[in-house]
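Below: the structure, in structure tokens.
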Amino acid sequence: MANVILVAVVFVAAVLQVLSGFGFALIVMPLVTMALGLQTAAPLVAVTSLTVYIINIIRYREAINLKEVLRLGAASALGVPLGIWVLGNVDETVVNRVLGLNLIAYGVYSLARPAVPPLPSRHWAYPAGFLAGCLGGAYNTPGPPVVVYGSLRQWPKDEFRAVLQTFFFFNGSLVVTSHLIAHHLTAQVLTSYLYTVPALALGILVGSRVDSKVNRERFRLIVAGMILIMGLMLLLGVA
């Protein structure tokens, strides 16, 4: 049953990732954690997410802003080890609650979309990247700080997607390497990953086919609502 849930969740999240450019780990991580436990979910989602990011980099490669990626990536490299340390040394219940709060905060931000002035300084990439690295190492959810930063910087749509995918790939590579060094990539993790590969391929294919037919604003609200609900479930310990 756990593998059935895993395949279904990965398929849906892959479709959403293609349509929005982000959100894969935000959807998969809490649900897989509930099904398999945090110690298996964290390295499994890291490897699966990295596969998605590699595919999406190819799709958006022409719009990549390398300077923004390098700023975010340099700071992220400092945050990832801290996140991995938290994963291995802090009680799983506490980690799940913090992940829940992270998802709730992002869900509320996405639904409210507060009116804020553009962010003129590129130096905010460094704290955003560091926080993303911490969240990526511990929870495989580096997206929120970078999405908020990109929104405030008012990146064009294609550049937004391209920067996110390239940064996620860089961050994901660091996270997977850290899990490998920490011996978290167990036989169970790798076996579960093999189950996700067909679901990933099918989800990306379906997402690409329906991309032009989706109402963007309605879709954004639905994804934000889903993330908010999953954050509440983790915070309240509903599994």
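In the structure tokens, chains take letters A, B, ... by order of appearance, with residues numbered from 1 within each chain and ligands from 1 in the order shown.
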
Quiz prompt | Near-Ala46 of chain A list (8 Å; only C-alpha atoms; drop same-chain fewer than 2 positions) as a list of chain:residue names | solution =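 Close residues of Ala46 of chain A: A:Ala42, A:Pro43, A:Leu44, A:Thr48, A:Ser49, A:Leu50, A:Asn140, A:Gly172, A:Val175, A:Val176.
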
Counting only C-alpha atoms, give me one row per residue of segment 12-64 of chain A with an atom at most 12 Å from an atom of segment 212-231 of chain A, showing the shortest contact pair and its distance in Å to one decimal, sorted by chain then residue number, as JSON lines.
```
{"residue": "A:Val12", "atom": "CA", "partner": "A:Val223", "partner_atom": "CA", "distance": 11.1}
{"residue": "A:Ala13", "atom": "CA", "partner": "A:Val223", "partner_atom": "CA", "distance": 10.0}
{"residue": "A:Val15", "atom": "CA", "partner": "A:Val223", "partner_atom": "CA", "distance": 11.5}
{"residue": "A:Leu16", "atom": "CA", "partner": "A:Val223", "partner_atom": "CA", "distance": 8.0}
{"residue": "A:Gln17", "atom": "CA", "partner": "A:Val223", "partner_atom": "CA", "distance": 10.2}
{"residue": "A:Val18", "atom": "CA", "partner": "A:Ser212", "partner_atom": "CA", "distance": 11.1}
{"residue": "A:Leu19", "atom": "CA", "partner": "A:Val214", "partner_atom": "CA", "distance": 8.1}
{"residue": "A:Ser20", "atom": "CA", "partner": "A:Arg220", "partner_atom": "CA", "distance": 7.7}
{"residue": "A:Gly21", "atom": "CA", "partner": "A:Arg220", "partner_atom": "CA", "distance": 11.1}
{"residue": "A:Phe22", "atom": "CA", "partner": "A:Val223", "partner_atom": "CA", "distance": 10.3}
{"residue": "A:Gly23", "atom": "CA", "partner": "A:Val223", "partner_atom": "CA", "distance": 8.0}
{"residue": "A:Phe24", "atom": "CA", "partner": "A:Val223", "partner_atom": "CA", "distance": 10.5}
{"residue": "A:Ala25", "atom": "CA", "partner": "A:Ile227", "partner_atom": "CA", "distance": 10.5}
{"residue": "A:Leu26", "atom": "CA", "partner": "A:Ile227", "partner_atom": "CA", "distance": 6.8}
{"residue": "A:Ile27", "atom": "CA", "partner": "A:Ile227", "partner_atom": "CA", "distance": 6.6}
{"residue": "A:Val28", "atom": "CA", "partner": "A:Met230", "partner_atom": "CA", "distance": 10.1}
{"residue": "A:Met29", "atom": "CA", "partner": "A:Met230", "partner_atom": "CA", "distance": 9.7}
{"residue": "A:Pro30", "atom": "CA", "partner": "A:Met230", "partner_atom": "CA", "distance": 6.6}
{"residue": "A:Leu31", "atom": "CA", "partner": "A:Met230", "partner_atom": "CA", "distance": 7.7}
{"residue": "A:Val32", "atom": "CA", "partner": "A:Met230", "partner_atom": "CA", "distance": 11.3}
{"residue": "A:Thr33", "atom": "CA", "partner": "A:Met230", "partner_atom": "CA", "distance": 11.0}
{"residue": "A:Met34", "atom": "CA", "partner": "A:Met230", "partner_atom": "CA", "distance": 10.2}
```

Exercise. Give me, please, the distance in Å between atom CA of Gly143 of chain A and atom CA of Thr177 of chain A, quoted to one decimal.
Key: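 Computing the Euclidean distance for atom CA of Gly143 of chain A and atom CA of Thr177 of chain A yields 18.8 Å.
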
Quiz item: Looking at A:Pro120, A:Pro114, A:Gly88, A:Gly79, which one is nearest to Gly136 of chain A, with distances taken over only C-alpha atoms?
Solution: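 Answer, going by the shortest atom-to-atom distance: A:Gly79.
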
Quiz prompt | Given only C-alpha atoms as the counted atoms, nearest of A:Asp211, A:Ala199, A:Gly133, A:Pro156 to Leu174 of chain A | solution =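 The closest residue to Leu174 of chain A is A:Gly133.
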
Quiz item: What lies within 9 Å of Val163 of chain A using only C-alpha atoms, ignoring chain neighbours under 6 positions off, as a list of chain:residue names?
Solution: A:Ile57, A:Tyr60, A:Ala63, A:Ile64, A:Asn65, A:Leu66, A:Glu68, A:Val69, A:Gly150

Quiz item: A:Val47, A:Val52, A:Ala75, A:Leu111: which is nearest Phe11 of chain A, counting only C-alpha atoms?
Solution: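 Using only C-alpha atoms, Phe11 of chain A sits closest to A:Val52.
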
Practice problem: List every residue of segment 50-220 of chain A that DSSP, applied to the backbone of this structure, assigns to helix (DSSP H, G or I), and report them as number ranges by chain. | Solution: A: 50-63, 66-89, 92-112, 122-139, 143-153, 157-181, 187-213, 216-220

Quiz prompt | Residues within 6 Å of Gly137 of chain A, only C-alpha atoms, excluding chain neighbours under 4 positions, as number ranges by chain | solution = A: 80, 83-84, 175

Preceding selection exported with N, CA and C atoms as a PDB file, in the first residue's frame:
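Writing the result to out28.pdb gives the following:
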```
ATOM      1  N   VAL A  80      22.808  23.679   3.601  1.00  0.00           N
ATOM      2  CA  VAL A  80      22.458  22.258   3.446  1.00  0.00           C
ATOM      3  C   VAL A  80      23.037  21.388   4.566  1.00  0.00           C
ATOM      4  N   GLY A  83      20.962  21.662   7.647  1.00  0.00           N
ATOM      5  CA  GLY A  83      19.692  20.965   7.520  1.00  0.00           C
ATOM      6  C   GLY A  83      19.835  19.457   7.671  1.00  0.00           C
ATOM      7  N   ILE A  84      20.879  18.885   7.086  1.00  0.00           N
ATOM      8  CA  ILE A  84      21.130  17.452   7.212  1.00  0.00           C
ATOM      9  C   ILE A  84      21.407  17.081   8.665  1.00  0.00           C
ATOM     10  N   VAL A 175      22.168  18.125  -1.466  1.00  0.00           N
ATOM     11  CA  VAL A 175      21.399  17.348  -0.492  1.00  0.00           C
ATOM     12  C   VAL A 175      21.604  15.852  -0.710  1.00  0.00           C
TER      13      VAL A 175
END
```

Quiz prompt | Between atom CA of Ala125 of chain A and atom CA of Arg71 of chain A, distance in Å (one decimal) | solution = 6.0 Å

Quiz prompt | Nearby residues (only C-alpha atoms) at most 12 Å from Val147 of chain A, same-chain spacing under 3 positions excluded, as an NGL selection string | solution = :A and (20-23 or 72 or 106-107 or 109-110 or 125 or 128-129 or 131-132 or 141-144 or 150-155 or 157 or 160-165 or 167-168)

Selection to disk with N, CA and C atoms, as a compact mmCIF listing (two decimals), in the first residue's frame:
```
# COMPACT_ATOMS: atom_id res chain seq x y z
N SER A 20 3.58 24.52 -12.76
CA SER A 20 3.91 25.70 -11.98
C SER A 20 5.40 26.04 -11.97
N GLY A 21 6.25 25.06 -12.24
CA GLY A 21 7.69 25.29 -12.17
C GLY A 21 8.27 25.02 -10.79
N PHE A 22 7.42 24.77 -9.80
CA PHE A 22 7.88 24.43 -8.45
C PHE A 22 6.76 23.68 -7.76
N GLY A 23 7.03 23.23 -6.53
CA GLY A 23 5.99 22.59 -5.75
C GLY A 23 6.12 21.09 -5.61
N LEU A 72 22.39 32.52 -5.07
CA LEU A 72 21.55 31.65 -4.24
C LEU A 72 22.28 30.35 -3.88
N TYR A 106 4.13 29.28 3.96
CA TYR A 106 4.18 29.47 2.51
C TYR A 106 2.79 29.46 1.89
N GLY A 107 1.92 28.56 2.39
CA GLY A 107 0.56 28.50 1.87
C GLY A 107 -0.19 29.80 2.10
N TYR A 109 1.13 32.79 2.58
CA TYR A 109 1.74 33.82 1.73
C TYR A 109 1.21 33.72 0.30
N SER A 110 1.14 32.50 -0.23
CA SER A 110 0.70 32.30 -1.61
C SER A 110 -0.76 32.69 -1.80
N ALA A 125 19.57 37.68 -1.99
CA ALA A 125 19.71 36.30 -2.48
C ALA A 125 20.48 35.45 -1.47
N ALA A 128 18.21 34.37 1.51
CA ALA A 128 17.20 33.48 0.91
C ALA A 128 17.81 32.14 0.54
N GLY A 129 19.01 32.17 -0.04
CA GLY A 129 19.68 30.93 -0.42
C GLY A 129 20.10 30.10 0.78
N LEU A 131 18.69 30.06 3.83
CA LEU A 131 17.49 29.46 4.41
C LEU A 131 16.97 28.32 3.53
N ALA A 132 17.03 28.52 2.21
CA ALA A 132 16.60 27.46 1.30
C ALA A 132 17.48 26.22 1.46
N THR A 141 12.54 20.94 1.05
CA THR A 141 11.63 22.01 0.63
C THR A 141 12.37 23.34 0.54
N PRO A 142 13.32 23.46 -0.41
CA PRO A 142 14.06 24.71 -0.51
C PRO A 142 13.28 25.82 -1.19
N GLY A 143 12.11 25.50 -1.74
CA GLY A 143 11.38 26.42 -2.59
C GLY A 143 10.90 27.71 -1.98
N PRO A 144 10.21 27.69 -0.82
CA PRO A 144 9.58 28.92 -0.33
C PRO A 144 10.46 30.16 -0.27
N GLY A 150 12.21 35.53 -5.55
CA GLY A 150 11.98 35.76 -6.97
C GLY A 150 10.75 36.61 -7.23
N SER A 151 9.71 36.40 -6.44
CA SER A 151 8.48 37.21 -6.59
C SER A 151 8.77 38.68 -6.29
N LEU A 152 9.54 38.92 -5.22
CA LEU A 152 9.88 40.30 -4.85
C LEU A 152 10.84 40.94 -5.86
N ARG A 153 11.65 40.13 -6.49
CA ARG A 153 12.55 40.64 -7.53
C ARG A 153 11.83 40.82 -8.87
N GLN A 154 10.60 40.30 -8.93
CA GLN A 154 9.76 40.41 -10.13
C GLN A 154 10.44 39.84 -11.38
N TRP A 155 10.96 38.62 -11.23
CA TRP A 155 11.54 37.95 -12.39
C TRP A 155 10.46 37.70 -13.45
N LYS A 157 8.37 35.52 -16.19
CA LYS A 157 7.85 34.16 -16.00
C LYS A 157 8.85 33.08 -16.38
N PHE A 160 11.85 33.08 -14.13
CA PHE A 160 11.45 32.59 -12.82
C PHE A 160 11.54 31.06 -12.79
N ARG A 161 10.93 30.42 -13.77
CA ARG A 161 10.96 28.95 -13.83
C ARG A 161 12.38 28.44 -13.99
N ALA A 162 13.15 29.08 -14.88
CA ALA A 162 14.50 28.60 -15.17
C ALA A 162 15.43 28.73 -13.96
N VAL A 163 15.37 29.88 -13.27
CA VAL A 163 16.20 30.08 -12.09
C VAL A 163 15.84 29.08 -11.00
N LEU A 164 14.53 28.88 -10.79
CA LEU A 164 14.09 27.93 -9.76
C LEU A 164 14.62 26.53 -10.06
N GLN A 165 14.45 26.06 -11.28
CA GLN A 165 14.86 24.70 -11.60
C GLN A 165 16.37 24.52 -11.48
N PHE A 167 18.46 26.37 -9.61
CA PHE A 167 18.82 26.42 -8.20
C PHE A 167 18.42 25.12 -7.50
N PHE A 168 17.22 24.62 -7.77
CA PHE A 168 16.78 23.37 -7.14
C PHE A 168 17.70 22.22 -7.50
```

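Taking atom CA of Leu70 of chain A as the reference point, atom CA of Trp85 of chain A is found at 23.7 Å.
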